[in-house]
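Engineer: Have a look at this one before I ask anything.
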Amino acid sequence: MEVEPGKAEQRLCARLKLDAEASAYLVQAMRAGVSSRSAVVLSPKAPQGYVPPFACEDTAAWGWLPPRVYVPCEGERPTAHPDYAAGLYYSLDLSSCWESAALEVVPPPANSLDLCAAPGGKTMLMAARYLPQNHTANEVNAARRGILRQNVLQCGLPNTEVTGLRPDQWAAEGRVFDLLLVDAPCSGQSLLCKGIKNPGCLGAQMVNGNAKRQKGIMLAAVQCVAEGGHILYSTCTYDPDENEKVISYILRRVPGWQAVEVPQLAQFRSALADFPCYRLLPQHGFGAGGFCCLLQKNTIIEQK
Ligand SMILES: C[S@@+](CC[C@H](N)C(=O)[O-])C[C@H]1O[C@@H](n2cnc3c(N)ncnc32)[C@H](O)[C@@H]1O
């Protein structure tokens, strides 16, 4: 059946510069709410050679799936298994794993900060990739911080401290990290594609409010990165104002930063920016979607 986009849906598709076919797909996905796909990431508790005790998809040809991530076959319920309760793996969105794939080009950091960490998905993905030496999982919301702490404990993450500072407080601290994760609070438009109600998420007021907050978080985040270090910025929303435009604002406003190419994500490169950044839409088939951009702070070369 042909879908007649509503005004807000139409506005979003136009802002994303989608053609008629892609627009119809996205609108249908937002209305149907069945694009969700789950994944699991093995925790440090999973012994060498461990494989999840349920059927998983063959993902070998995808080329971007982060290490120690498995995609359960349809109908499997990973969270119902005792290994989940024992913390051998953590269950999360496949789109979240996709965002974390940008870390493929980042060398193991000596220290790292997940600025917006709860409930802990990105921190788990990072631990699976690097087994970090010195990681801080930070969450401003106290209730969510409790859940984060519980997840960190349950999955046995080593060398991980849980904190609750605001981004501006981190900036004032003066500490610098090799890697920052900024999985920013956003309007969450992709929730619609998972069948989760999110009133107002397509409206200008919600998008503008989030874009302003994201710029503030990023202006603080850039102050917390060591020379040559990275920030992985990600959201689970579609609007360019919360994605490409936040990054372009930071690149214009803060000297000495560049967006980094991620060859593994080349097929997802955004056409809405003249720097490398990546977007996932439901039509790609890897879940409800999201956005990611990897930024690197230049190394200052001393003049003799
Ligand atoms: C998208 S969620 C993070 C999801 C998490 N990274 C994960 O993968 O499980 C964004 C988080 O940012 C937090 N947050 C909200 N406002 C914030 C602000 N102004 N500064 C920093 N974090 C904020 C929210 O409480 C929320 O936990």
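By convention in this document, the chains of the structure tokens carry letters A, B, ... by their order, each chain's residues are numbered from 1, and ligands are numbered from 1 in the order they are shown.
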Quick one: which chain A residues come within 8 Å of ligand 1, and what is the nearest atom pair for each with the distance in Å to one decimal, counting only C-alpha atoms and all ligand atoms, rows ordered by chain and ascending number, as a Markdown table?
Structural biologist:
```
| residue | atom | partner | partner_atom_place_in_ligand_line | distance |
| --- | --- | --- | --- | --- |
| A:Leu92 | CA | ligand 1 | 9 (O) | 7.8 |
| A:Ser96 | CA | ligand 1 | 8 (O) | 6.6 |
| A:Asp114 | CA | ligand 1 | 6 (N) | 7.3 |
| A:Leu115 | CA | ligand 1 | 21 (C) | 6.3 |
| A:Cys116 | CA | ligand 1 | 12 (O) | 4.1 |
| A:Ala117 | CA | ligand 1 | 6 (N) | 4.1 |
| A:Ala118 | CA | ligand 1 | 27 (O) | 4.4 |
| A:Pro119 | CA | ligand 1 | 9 (O) | 4.2 |
| A:Gly120 | CA | ligand 1 | 9 (O) | 3.9 |
| A:Gly121 | CA | ligand 1 | 8 (O) | 3.5 |
| A:Lys122 | CA | ligand 1 | 8 (O) | 4.0 |
| A:Thr123 | CA | ligand 1 | 8 (O) | 6.8 |
| A:Glu139 | CA | ligand 1 | 27 (O) | 6.0 |
| A:Val140 | CA | ligand 1 | 22 (N) | 5.5 |
| A:Asn141 | CA | ligand 1 | 25 (O) | 4.8 |
| A:Arg144 | CA | ligand 1 | 27 (O) | 6.1 |
| A:Arg145 | CA | ligand 1 | 27 (O) | 7.8 |
| A:Arg166 | CA | ligand 1 | 20 (N) | 5.6 |
| A:Pro167 | CA | ligand 1 | 20 (N) | 5.6 |
| A:Leu181 | CA | ligand 1 | 6 (N) | 7.8 |
| A:Val182 | CA | ligand 1 | 6 (N) | 7.4 |
| A:Asp183 | CA | ligand 1 | 6 (N) | 4.8 |
| A:Ala184 | CA | ligand 1 | 10 (C) | 5.0 |
| A:Pro185 | CA | ligand 1 | 10 (C) | 4.0 |
| A:Cys186 | CA | ligand 1 | 1 (C) | 6.7 |
| A:Arg213 | CA | ligand 1 | 19 (N) | 6.2 |
| A:Gln214 | CA | ligand 1 | 19 (N) | 7.6 |
| A:Gly216 | CA | ligand 1 | 19 (N) | 7.8 |
| A:Ile217 | CA | ligand 1 | 20 (N) | 5.9 |
| A:Thr235 | CA | ligand 1 | 1 (C) | 6.4 |
| A:Cys236 | CA | ligand 1 | 1 (C) | 6.9 |
```
Engineer: Using only C-alpha atoms, determine which residues lie at most 6 Å from segment 220-226 of chain A, disregarding the query and same-chain residues fewer than 6 positions distant; provide the list as a list in words.
Structural biologist: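 Final neighbour list, sorted by chain and number: Pro167, Asp168, Ala171, Val176, Phe177 and Asp178 of chain A.
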Engineer: Please identify which residues in segment 29-169 of chain A DSSP calls strand (DSSP E or B) from the backbone, and express them as a PyMOL selection string.
Structural biologist: chain A and resi 38-42+56+69-70+72+89-93+112-114+135-138+160-163
Engineer: Can you tell me how far atom CA of Phe268 of chain A sits from atom CA of Phe286 of chain A, in Å to one decimal?
Structural biologist: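 These two atoms are separated by 11.4 Å.
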Engineer: Have a look at A:Ile247, A:Leu18, A:Ala266, A:Tyr238 and name the one nearest to Gly63 of chain A; count only C-alpha atoms.
Structural biologist: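 Smallest separation from Gly63 of chain A among the options: A:Ala266.
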Engineer: Would you mind reading off the distance between atom CA of Leu232 of chain A and atom CA of Ala273 of chain A, one decimal, in Å?
Structural biologist: 16.6 Å
Engineer: Which residue out of A:Gln150, A:Asn210, A:Ser270, A:Gln258 has the minimum interatomic distance to Gln296 of chain A when only C-alpha atoms are used?
Structural biologist: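 Among the listed residues, A:Gln258 lies closest to Gln296 of chain A.
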Engineer: To one decimal place in Å, what is the distance between atom CA of Lys197 of chain A and atom CA of Tyr278 of chain A?
Structural biologist: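 Taking atom CA of Lys197 of chain A and atom CA of Tyr278 of chain A, their separation equals 25.3 Å.
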